[in-house]
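Colleague: Handing you a structure now.
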Amino acid sequence: MQNNRHHPLPNSRRTASTLCLGALGFVGLLAWTAPAKGIEMTSAEAAGWYLGIGGGYSSAEDIPADNPALQNTIDPDDGYAAAARIGYDSGAILRGELELALRDNDTVNIDSVQGQGDIRAYSYMANVYAELKLDAIPVTPFVGVGVGAATVDMREVRTVAGSQINNSDTGLAYQAIAGLAVNVTDTMSLTGAYTYLEVPDLSYKTSAGGELDSDYSNHTFMLGLRWRFLPAAVPEAEAEPSTAVASAPAPAKPAAKSAEQAPAPVAAPAPMVKKPGIVREFMVFFDWDKSVITEEARLVLENAARHAQRGGVVAIGVTGHSDSSGSASYNEKLSLARAKAVKDVLVDMGLSSEEVTTYGKGETVPLIQTADGIREAKNRRAVIVLN
């Protein structure tokens, strides 16, 4: 009877471990061979430290007695699990973290007879993940493996014979993880994950002087939140070009050479190139995949509107741009939507709609050169040129 109970456990462990490790290998192979345009890996702007918390359902597998004298199988009831994590996202496909987790299964049965007791597992793990952000959907699948230590504590677990287990043991632990993350904001994600934890070769003493040698195996399902701490340079980099470009006057020499140069640009030249007829140039930035004007951008546009209303401006060109994530056709539409969003705000601020002309350059004129499929905050912009 003991053999019949003991054999299914190693099979289930091998199955769970094989599936998760196989998924890890598949994601690694996919990331290596997939075209950058079809599948977008975690972006460079996401690189940085993060914190995570999670909670959910804990299902510990039966614990068979390896000591024939006990002839008992401990069957934990379902319980709860909680975890806290700190990690670093490399900005590519890999990220790593340290994890502290608790799994609690309050009441146990002994050989299908109602028993009592509490089994808690405290795990201290180092995890490595491979994750893949798909361009078509806002979901990031990930798989991972972890290694560390775990303390499995049995309190007042009574055997059928009446003896009691009331101690703990610590051993090497490993786990396999598979899950999904959904970005709620640029810095926060909602996560859902399955974890298989294994702690082999544990040993417990009973109050009657017996010994229980067995493994601890657990299936955990958790929902959680993850907060990314983006480098401070990212928001500052978005603000700096706005200030620098907004305050930069037109080159003095060309304007002084000849009065005939002022009306030279008849049909708004390429807005990205400073020319003698340009009175002032401004730049605003957008969140990823968005054409919404932020509060910071609105301040820059108020400044641009004031300069335009002071006189001397005969035409206003607004050129939208995108980074290289997404398809070229989509980015062209997105960049034009950004330019039109800027125009709408300028018109609301009192400028004439006929004075403002919009252009969409997509990803073709980046401020910062990047590989294809990369999110770059400085490239998600619109340039406003007062002529």
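Here's how to read the names in the structure tokens: chain A, B, ... by the order shown, residue numbers from 1 in each chain, ligand numbers from 1 in the order shown.
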List the neighbours of Ile368 (chain A) out to 12 Å using only C-alpha atoms; skip same-chain residues closer than 6 positions along the sequence, and give me the result as a ChimeraX atom specification.

Modeller: /A:237,321-324,374-381

Colleague: Mind dumping the selected residues with all heavy atoms as an mmCIF file, in the first residue's frame?

Modeller:
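What ended up in again01.cif:
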data_model
loop_
_atom_site.group_PDB
_atom_site.id
_atom_site.type_symbol
_atom_site.label_atom_id
_atom_site.label_comp_id
_atom_site.auth_asym_id
_atom_site.auth_seq_id
_atom_site.Cartn_x
_atom_site.Cartn_y
_atom_site.Cartn_z
ATOM 1 N N ALA A 237 14.629 62.985 -19.242
ATOM 2 C CA ALA A 237 14.988 63.095 -20.654
ATOM 3 C C ALA A 237 13.809 63.588 -21.472
ATOM 4 O O ALA A 237 13.970 64.265 -22.471
ATOM 5 C CB ALA A 237 15.469 61.750 -21.192
ATOM 6 N N HIS A 321 5.812 61.928 -34.293
ATOM 7 C CA HIS A 321 6.768 60.842 -34.465
ATOM 8 C C HIS A 321 6.428 59.705 -33.506
ATOM 9 O O HIS A 321 5.694 59.890 -32.529
ATOM 10 C CB HIS A 321 8.194 61.330 -34.184
ATOM 11 C CG HIS A 321 8.640 62.463 -35.052
ATOM 12 N ND1 HIS A 321 9.290 62.271 -36.245
ATOM 13 C CD2 HIS A 321 8.503 63.806 -34.889
ATOM 14 C CE1 HIS A 321 9.556 63.447 -36.785
ATOM 15 N NE2 HIS A 321 9.086 64.410 -35.991
ATOM 16 N N SER A 322 7.003 58.520 -33.782
ATOM 17 C CA SER A 322 6.821 57.360 -32.903
ATOM 18 C C SER A 322 8.162 56.661 -32.734
ATOM 19 O O SER A 322 9.117 56.931 -33.468
ATOM 20 C CB SER A 322 5.795 56.381 -33.490
ATOM 21 O OG SER A 322 6.355 55.695 -34.596
ATOM 22 N N ASP A 323 8.207 55.743 -31.767
ATOM 23 C CA ASP A 323 9.379 54.880 -31.675
ATOM 24 C C ASP A 323 9.205 53.715 -32.645
ATOM 25 O O ASP A 323 8.261 53.675 -33.423
ATOM 26 C CB ASP A 323 9.615 54.405 -30.233
ATOM 27 C CG ASP A 323 8.422 53.668 -29.655
ATOM 28 O OD1 ASP A 323 7.657 53.074 -30.438
ATOM 29 O OD2 ASP A 323 8.246 53.652 -28.423
ATOM 30 N N SER A 324 10.114 52.749 -32.585
ATOM 31 C CA SER A 324 10.097 51.674 -33.583
ATOM 32 C C SER A 324 9.310 50.448 -33.153
ATOM 33 O O SER A 324 9.293 49.443 -33.865
ATOM 34 C CB SER A 324 11.538 51.250 -33.916
ATOM 35 O OG SER A 324 12.187 50.756 -32.757
ATOM 36 N N ILE A 374 11.973 48.490 -30.631
ATOM 37 C CA ILE A 374 12.356 48.976 -29.309
ATOM 38 C C ILE A 374 11.549 50.216 -28.950
ATOM 39 O O ILE A 374 11.399 51.135 -29.748
ATOM 40 C CB ILE A 374 13.866 49.307 -29.251
ATOM 41 C CG1 ILE A 374 14.680 48.034 -29.476
ATOM 42 C CG2 ILE A 374 14.238 49.935 -27.912
ATOM 43 C CD1 ILE A 374 14.469 46.967 -28.434
ATOM 44 N N ARG A 375 11.064 50.268 -27.727
ATOM 45 C CA ARG A 375 10.401 51.466 -27.218
ATOM 46 C C ARG A 375 11.464 52.464 -26.746
ATOM 47 O O ARG A 375 12.330 52.115 -25.963
ATOM 48 C CB ARG A 375 9.484 51.134 -26.046
ATOM 49 C CG ARG A 375 8.375 50.148 -26.362
ATOM 50 C CD ARG A 375 7.505 49.987 -25.133
ATOM 51 N NE ARG A 375 6.671 48.806 -25.193
ATOM 52 C CZ ARG A 375 5.882 48.407 -24.203
ATOM 53 N NH1 ARG A 375 5.846 49.089 -23.079
ATOM 54 N NH2 ARG A 375 5.150 47.316 -24.327
ATOM 55 N N GLU A 376 11.375 53.679 -27.216
ATOM 56 C CA GLU A 376 12.303 54.724 -26.798
ATOM 57 C C GLU A 376 11.505 55.984 -26.510
ATOM 58 O O GLU A 376 10.852 56.542 -27.397
ATOM 59 C CB GLU A 376 13.366 54.970 -27.879
ATOM 60 C CG GLU A 376 14.224 56.202 -27.654
ATOM 61 C CD GLU A 376 14.882 56.205 -26.280
ATOM 62 O OE1 GLU A 376 15.590 55.227 -25.962
ATOM 63 O OE2 GLU A 376 14.667 57.187 -25.538
ATOM 64 N N ALA A 377 11.548 56.444 -25.263
ATOM 65 C CA ALA A 377 10.710 57.563 -24.827
ATOM 66 C C ALA A 377 10.956 58.828 -25.634
ATOM 67 O O ALA A 377 10.023 59.579 -25.944
ATOM 68 C CB ALA A 377 10.945 57.822 -23.346
ATOM 69 N N LYS A 378 12.217 59.102 -25.997
ATOM 70 C CA LYS A 378 12.528 60.348 -26.698
ATOM 71 C C LYS A 378 11.993 60.366 -28.129
ATOM 72 O O LYS A 378 11.860 61.443 -28.722
ATOM 73 C CB LYS A 378 14.034 60.567 -26.711
ATOM 74 C CG LYS A 378 14.622 60.808 -25.329
ATOM 75 C CD LYS A 378 16.126 61.004 -25.408
ATOM 76 C CE LYS A 378 16.724 61.177 -24.030
ATOM 77 N NZ LYS A 378 18.207 61.336 -24.092
ATOM 78 N N ASN A 379 11.720 59.204 -28.693
ATOM 79 C CA ASN A 379 11.205 59.153 -30.067
ATOM 80 C C ASN A 379 9.689 59.307 -30.143
ATOM 81 O O ASN A 379 9.142 59.513 -31.222
ATOM 82 C CB ASN A 379 11.640 57.849 -30.742
ATOM 83 C CG ASN A 379 13.127 57.819 -31.009
ATOM 84 O OD1 ASN A 379 13.777 58.853 -31.084
ATOM 85 N ND2 ASN A 379 13.685 56.616 -31.128
ATOM 86 N N ARG A 380 8.996 59.192 -29.025
ATOM 87 C CA ARG A 380 7.544 59.349 -28.987
ATOM 88 C C ARG A 380 7.239 60.837 -28.764
ATOM 89 O O ARG A 380 6.999 61.266 -27.629
ATOM 90 C CB ARG A 380 6.933 58.488 -27.878
ATOM 91 C CG ARG A 380 7.247 57.013 -28.007
ATOM 92 C CD ARG A 380 6.390 56.191 -27.078
ATOM 93 N NE ARG A 380 6.602 56.488 -25.685
ATOM 94 C CZ ARG A 380 7.422 55.814 -24.887
ATOM 95 N NH1 ARG A 380 8.095 54.789 -25.378
ATOM 96 N NH2 ARG A 380 7.546 56.136 -23.620
ATOM 97 N N ARG A 381 7.227 61.632 -29.834
ATOM 98 C CA ARG A 381 7.212 63.072 -29.669
ATOM 99 C C ARG A 381 6.424 63.734 -30.798
ATOM 100 O O ARG A 381 6.083 63.102 -31.795
ATOM 101 C CB ARG A 381 8.646 63.596 -29.665
ATOM 102 C CG ARG A 381 9.336 63.509 -31.027
ATOM 103 C CD ARG A 381 10.842 63.606 -30.919
ATOM 104 N NE ARG A 381 11.480 63.774 -32.232
ATOM 105 C CZ ARG A 381 11.686 62.806 -33.103
ATOM 106 N NH1 ARG A 381 11.284 61.575 -32.839
ATOM 107 N NH2 ARG A 381 12.264 63.059 -34.258
#

Colleague: Could you please determine the separation between CA of Tyr129 (chain A) and CA of Ala181 (chain A) in Å, to one decimal place?

Modeller: 12.3 Å

Colleague: Pick the closest to Leu223 (chain A) from A:Lys361, A:Val342, A:Ala82, A:Asp77: which is it, counting only C-alpha atoms?

Modeller: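 Of A:Lys361, A:Val342, A:Ala82, A:Asp77, the one nearest Leu223 (chain A), counting only C-alpha atoms, is A:Ala82.
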
Colleague: Which residues are close to Ala126 (chain A), i.e. within 10 Å by only C-alpha atoms, leaving aside same-chain residues fewer than 2 positions away? Reply as a list of chain:residue names.

Modeller: A:Arg85, A:Ile86, A:Gly87, A:Gly96, A:Glu97, A:Leu98, A:Glu99, A:Leu100, A:Ser123, A:Tyr124, A:Val128, A:Val145, A:Gly146, A:Val147, A:Gly148, A:Ala149, A:Tyr174, A:Gln175

Colleague: Extract, using only C-alpha atoms, all DNA, RNA and protein residues at most 10 Å from Met349 (chain A), discarding same-chain residues fewer than 6 positions from it, and format them as a VMD selection string.

Modeller: chain A and resid 301 to 302 304 to 306 309 343

Colleague: A:Val184, A:Ala92, A:Ala81, A:Leu225: which is nearest Leu51 (chain A), counting only C-alpha atoms?

Modeller: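 Closest to Leu51 (chain A), using only C-alpha atoms: A:Leu225.
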
Colleague: What is the CA of Phe229 (chain A)-CA of Gly54 (chain A) distance in Å, reported with one decimal?

Modeller: 17.9 Å

Colleague: Give the answer as one residue: which of A:Leu386, A:Leu336, A:Ile119, A:Ala328 has the shortest atom-to-atom distance to Asp169 (chain A), using only C-alpha atoms?

Modeller: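 Among the listed residues, A:Ile119 lies closest to Asp169 (chain A).
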
Colleague: Skipping near chain neighbours, those fewer than 5 positions away, what residues fall within 9 Å of Lys205 (chain A) using only C-alpha atoms, listed as a compact mmCIF listing (two decimals) with all heavy atoms, in the first residue's frame?

Modeller:
# COMPACT_ATOMS: atom_id res chain seq x y z
N GLN A 164 2.56 12.48 17.69
CA GLN A 164 2.44 13.82 17.14
C GLN A 164 3.76 14.27 16.54
O GLN A 164 4.83 13.98 17.07
CB GLN A 164 2.02 14.77 18.27
CG GLN A 164 1.72 16.19 17.81
CD GLN A 164 1.30 17.06 18.96
OE1 GLN A 164 2.07 17.87 19.46
NE2 GLN A 164 0.06 16.89 19.40
N ILE A 165 3.66 14.97 15.42
CA ILE A 165 4.82 15.62 14.82
C ILE A 165 4.74 17.10 15.12
O ILE A 165 3.74 17.76 14.82
CB ILE A 165 4.87 15.40 13.30
CG1 ILE A 165 4.89 13.91 12.97
CG2 ILE A 165 6.10 16.09 12.69
CD1 ILE A 165 4.77 13.62 11.48
N ASN A 166 5.79 17.64 15.74
CA ASN A 166 5.76 19.03 16.18
C ASN A 166 7.14 19.66 16.02
O ASN A 166 7.70 20.22 16.95
CB ASN A 166 5.30 19.11 17.64
CG ASN A 166 4.79 20.49 17.99
OD1 ASN A 166 4.30 21.22 17.15
ND2 ASN A 166 4.94 20.85 19.24
N ASN A 167 7.68 19.59 14.81
CA ASN A 167 8.99 20.18 14.54
C ASN A 167 9.10 20.51 13.07
O ASN A 167 8.16 20.32 12.31
CB ASN A 167 10.12 19.25 15.00
CG ASN A 167 9.98 17.85 14.42
OD1 ASN A 167 10.31 17.62 13.27
ND2 ASN A 167 9.45 16.90 15.21
N SER A 168 10.27 21.03 12.69
CA SER A 168 10.46 21.49 11.31
C SER A 168 11.81 21.01 10.79
O SER A 168 12.67 20.57 11.55
CB SER A 168 10.38 23.02 11.24
OG SER A 168 11.43 23.60 11.99
N GLY A 210 9.42 8.05 16.77
CA GLY A 210 9.56 7.61 15.39
C GLY A 210 10.14 8.72 14.51
O GLY A 210 10.41 9.83 14.97
N GLU A 211 10.33 8.38 13.27
CA GLU A 211 10.90 9.35 12.33
C GLU A 211 10.15 9.29 11.01
O GLU A 211 9.82 8.20 10.52
CB GLU A 211 12.39 9.05 12.11
CG GLU A 211 13.09 10.09 11.25
CD GLU A 211 14.59 9.88 11.20
OE1 GLU A 211 15.19 9.56 12.25
OE2 GLU A 211 15.16 10.03 10.10
N LEU A 212 9.87 10.46 10.47
CA LEU A 212 9.20 10.57 9.17
C LEU A 212 10.17 11.21 8.19
O LEU A 212 10.61 12.35 8.38
CB LEU A 212 7.93 11.43 9.28
CG LEU A 212 7.25 11.79 7.95
CD1 LEU A 212 6.72 10.55 7.26
CD2 LEU A 212 6.14 12.80 8.16
N ASP A 213 10.56 10.46 7.17
CA ASP A 213 11.42 10.98 6.11
C ASP A 213 10.60 11.08 4.84
O ASP A 213 10.09 10.06 4.35
CB ASP A 213 12.62 10.05 5.89
CG ASP A 213 13.52 9.98 7.10
OD1 ASP A 213 13.72 11.03 7.74
OD2 ASP A 213 14.02 8.88 7.40

Colleague: Take CA of Tyr359 (chain A) and CA of Leu299 (chain A) and report the distance between them in Å, one decimal.

Modeller: 21.6 Å

Colleague: Using only C-alpha atoms, pick whichever of A:Val199, A:Ile53, A:Ala308, A:Ile137 has the shortest atom-to-atom distance to Val347 (chain A).

Modeller: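 With only C-alpha atoms as the atom set, the closest residue is A:Ala308.
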
Colleague: Which polymer residues have any atom within 10 Å of an atom of Tyr50 (chain A), counting only C-alpha atoms, with same-chain residues fewer than 2 positions away left out, as a list in words?

Modeller: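 Once the nearby chain positions are removed, what remains is Ala46, Ala47, Gly48, Gly52, Arg85, Ile86, Gly87, Tyr88, Asp89, Glu97, Thr187, Met188, Arg226, Trp227, Arg228, Phe229 and Leu230 of chain A.
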
Colleague: Those selected residues, please, written with all heavy atoms and delivered as a compact mmCIF listing (two decimals), in the first residue's frame.

Modeller:
# COMPACT_ATOMS: atom_id res chain seq x y z
N ALA A 46 11.97 49.55 -19.93
CA ALA A 46 11.47 48.83 -18.76
C ALA A 46 12.60 48.35 -17.86
O ALA A 46 12.34 47.80 -16.81
CB ALA A 46 10.61 47.65 -19.20
N ALA A 47 13.85 48.53 -18.28
CA ALA A 47 14.97 48.06 -17.49
C ALA A 47 15.01 48.78 -16.15
O ALA A 47 14.82 49.99 -16.08
CB ALA A 47 16.29 48.27 -18.25
N GLY A 48 15.27 48.04 -15.10
CA GLY A 48 15.35 48.63 -13.77
C GLY A 48 14.84 47.69 -12.70
O GLY A 48 14.43 46.56 -12.96
N GLY A 52 7.45 43.20 -6.07
CA GLY A 52 6.24 42.44 -6.36
C GLY A 52 5.66 41.81 -5.11
O GLY A 52 6.39 41.46 -4.18
N ARG A 85 8.61 39.93 -3.43
CA ARG A 85 9.76 39.77 -4.33
C ARG A 85 10.42 41.11 -4.59
O ARG A 85 9.76 42.15 -4.64
CB ARG A 85 9.32 39.17 -5.67
CG ARG A 85 8.52 37.88 -5.54
CD ARG A 85 7.98 37.42 -6.89
NE ARG A 85 7.17 36.22 -6.74
CZ ARG A 85 5.85 36.22 -6.57
NH1 ARG A 85 5.20 37.37 -6.52
NH2 ARG A 85 5.19 35.08 -6.44
N ILE A 86 11.73 41.06 -4.80
CA ILE A 86 12.47 42.21 -5.30
C ILE A 86 13.37 41.70 -6.42
O ILE A 86 14.00 40.64 -6.29
CB ILE A 86 13.31 42.90 -4.20
CG1 ILE A 86 14.06 44.11 -4.78
CG2 ILE A 86 14.27 41.92 -3.53
CD1 ILE A 86 14.72 44.98 -3.73
N GLY A 87 13.38 42.42 -7.55
CA GLY A 87 14.12 41.90 -8.68
C GLY A 87 14.61 42.99 -9.60
O GLY A 87 14.38 44.20 -9.37
N TYR A 88 15.30 42.57 -10.64
CA TYR A 88 15.84 43.50 -11.64
C TYR A 88 15.49 42.98 -13.02
O TYR A 88 15.77 41.82 -13.36
CB TYR A 88 17.36 43.62 -11.51
CG TYR A 88 17.93 44.66 -12.45
CD1 TYR A 88 17.86 46.01 -12.14
CD2 TYR A 88 18.51 44.29 -13.66
CE1 TYR A 88 18.36 46.97 -13.00
CE2 TYR A 88 19.01 45.24 -14.54
CZ TYR A 88 18.93 46.59 -14.20
OH TYR A 88 19.42 47.53 -15.05
N ASP A 89 14.88 43.86 -13.82
CA ASP A 89 14.54 43.55 -15.21
C ASP A 89 15.67 44.05 -16.09
O ASP A 89 16.01 45.24 -16.07
CB ASP A 89 13.23 44.26 -15.57
CG ASP A 89 12.67 43.78 -16.90
OD1 ASP A 89 13.47 43.46 -17.79
OD2 ASP A 89 11.44 43.74 -17.03
N GLU A 97 15.13 37.72 -9.67
CA GLU A 97 14.56 38.25 -8.44
C GLU A 97 14.88 37.36 -7.25
O GLU A 97 15.25 36.19 -7.40
CB GLU A 97 13.03 38.38 -8.57
CG GLU A 97 12.32 37.04 -8.64
CD GLU A 97 10.81 37.15 -8.81
OE1 GLU A 97 10.33 38.21 -9.29
OE2 GLU A 97 10.10 36.18 -8.49
N THR A 187 4.32 51.59 -15.11
CA THR A 187 5.15 51.10 -14.01
C THR A 187 4.50 49.99 -13.18
O THR A 187 5.14 49.46 -12.28
CB THR A 187 5.51 52.26 -13.05
OG1 THR A 187 4.31 52.88 -12.57
CG2 THR A 187 6.35 53.31 -13.77
N MET A 188 3.26 49.64 -13.46
CA MET A 188 2.58 48.62 -12.65
C MET A 188 1.98 47.55 -13.55
O MET A 188 1.38 47.85 -14.58
CB MET A 188 1.49 49.24 -11.78
CG MET A 188 0.83 48.24 -10.84
SD MET A 188 -0.37 48.99 -9.72
CE MET A 188 -1.71 49.33 -10.87
N ARG A 226 3.10 43.98 -9.63
CA ARG A 226 4.53 44.25 -9.76
C ARG A 226 4.72 45.72 -10.10
O ARG A 226 4.08 46.24 -11.02
CB ARG A 226 5.14 43.38 -10.86
CG ARG A 226 6.66 43.44 -10.94
CD ARG A 226 7.15 42.85 -12.25
NE ARG A 226 6.60 41.53 -12.50
CZ ARG A 226 6.48 41.00 -13.72
NH1 ARG A 226 6.87 41.70 -14.78
NH2 ARG A 226 5.98 39.81 -13.88
N TRP A 227 5.59 46.39 -9.33
CA TRP A 227 5.88 47.80 -9.56
C TRP A 227 7.31 47.95 -10.07
O TRP A 227 8.26 47.50 -9.42
CB TRP A 227 5.73 48.62 -8.28
CG TRP A 227 4.32 48.72 -7.80
CD1 TRP A 227 3.39 49.66 -8.14
CD2 TRP A 227 3.67 47.85 -6.86
NE1 TRP A 227 2.21 49.43 -7.49
CE2 TRP A 227 2.35 48.32 -6.68
CE3 TRP A 227 4.08 46.72 -6.14
CZ2 TRP A 227 1.45 47.71 -5.83
CZ3 TRP A 227 3.18 46.10 -5.29
CH2 TRP A 227 1.88 46.60 -5.14
N ARG A 228 7.46 48.58 -11.23
CA ARG A 228 8.78 48.82 -11.79
C ARG A 228 9.24 50.23 -11.44
O ARG A 228 8.45 51.18 -11.50
CB ARG A 228 8.75 48.65 -13.32
CG ARG A 228 8.46 47.25 -13.77
CD ARG A 228 8.48 47.15 -15.30
NE ARG A 228 7.41 47.89 -15.93
CZ ARG A 228 6.18 47.44 -16.09
NH1 ARG A 228 5.87 46.22 -15.65
NH2 ARG A 228 5.25 48.17 -16.68
N PHE A 229 10.50 50.35 -11.10
CA PHE A 229 11.09 51.65 -10.80
C PHE A 229 11.98 52.03 -11.98
O PHE A 229 13.13 51.63 -12.06
CB PHE A 229 11.89 51.58 -9.50
CG PHE A 229 11.04 51.22 -8.32
CD1 PHE A 229 10.97 49.90 -7.88
CD2 PHE A 229 10.29 52.18 -7.67
CE1 PHE A 229 10.18 49.56 -6.80
CE2 PHE A 229 9.48 51.84 -6.60
CZ PHE A 229 9.43 50.52 -6.16
N LEU A 230 11.40 52.81 -12.90
CA LEU A 230 12.14 53.22 -14.08
C LEU A 230 13.23 54.21 -13.69
O LEU A 230 13.06 54.99 -12.76
CB LEU A 230 11.21 53.85 -15.10
CG LEU A 230 10.10 52.96 -15.62
CD1 LEU A 230 9.27 53.70 -16.65
CD2 LEU A 230 10.65 51.68 -16.24

Colleague: Compile the contact shell of Ala176 (chain A) as JSON, numbers by chain: residues with an atom at most 6 Å away, counting only C-alpha atoms, same-chain residues fewer than 2 positions apart removed.

Modeller: {"A": [20, 144, 145, 195, 196]}

Colleague: Keeping only N, CA and C atoms, write those residues as a PDB file, in the first residue's frame.

Modeller:
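again.pdb written:
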ATOM      1  N   CYS A  20       7.145  22.935 -17.255  1.00  0.00           N
ATOM      2  CA  CYS A  20       7.626  24.297 -17.035  1.00  0.00           C
ATOM      3  C   CYS A  20       9.003  24.509 -17.643  1.00  0.00           C
ATOM      4  N   GLY A 144       9.776  30.576 -15.552  1.00  0.00           N
ATOM      5  CA  GLY A 144      10.980  30.754 -14.759  1.00  0.00           C
ATOM      6  C   GLY A 144      11.317  29.525 -13.956  1.00  0.00           C
ATOM      7  N   VAL A 145      12.514  29.528 -13.423  1.00  0.00           N
ATOM      8  CA  VAL A 145      12.979  28.487 -12.510  1.00  0.00           C
ATOM      9  C   VAL A 145      13.616  29.173 -11.319  1.00  0.00           C
ATOM     10  N   THR A 195       3.080  27.995  -9.667  1.00  0.00           N
ATOM     11  CA  THR A 195       4.417  27.604  -9.199  1.00  0.00           C
ATOM     12  C   THR A 195       4.370  26.191  -8.645  1.00  0.00           C
ATOM     13  N   TYR A 196       5.334  25.380  -9.071  1.00  0.00           N
ATOM     14  CA  TYR A 196       5.513  24.060  -8.495  1.00  0.00           C
ATOM     15  C   TYR A 196       6.783  24.092  -7.646  1.00  0.00           C
TER      16      TYR A 196
END

Colleague: Name the residues of region 301-352 of chain A that fall into alpha helix (DSSP H) according to DSSP on the backbone, using the chain letters and numbers of this document, as a PyMOL selection string.

Modeller: chain A and resi 301-309+328-348
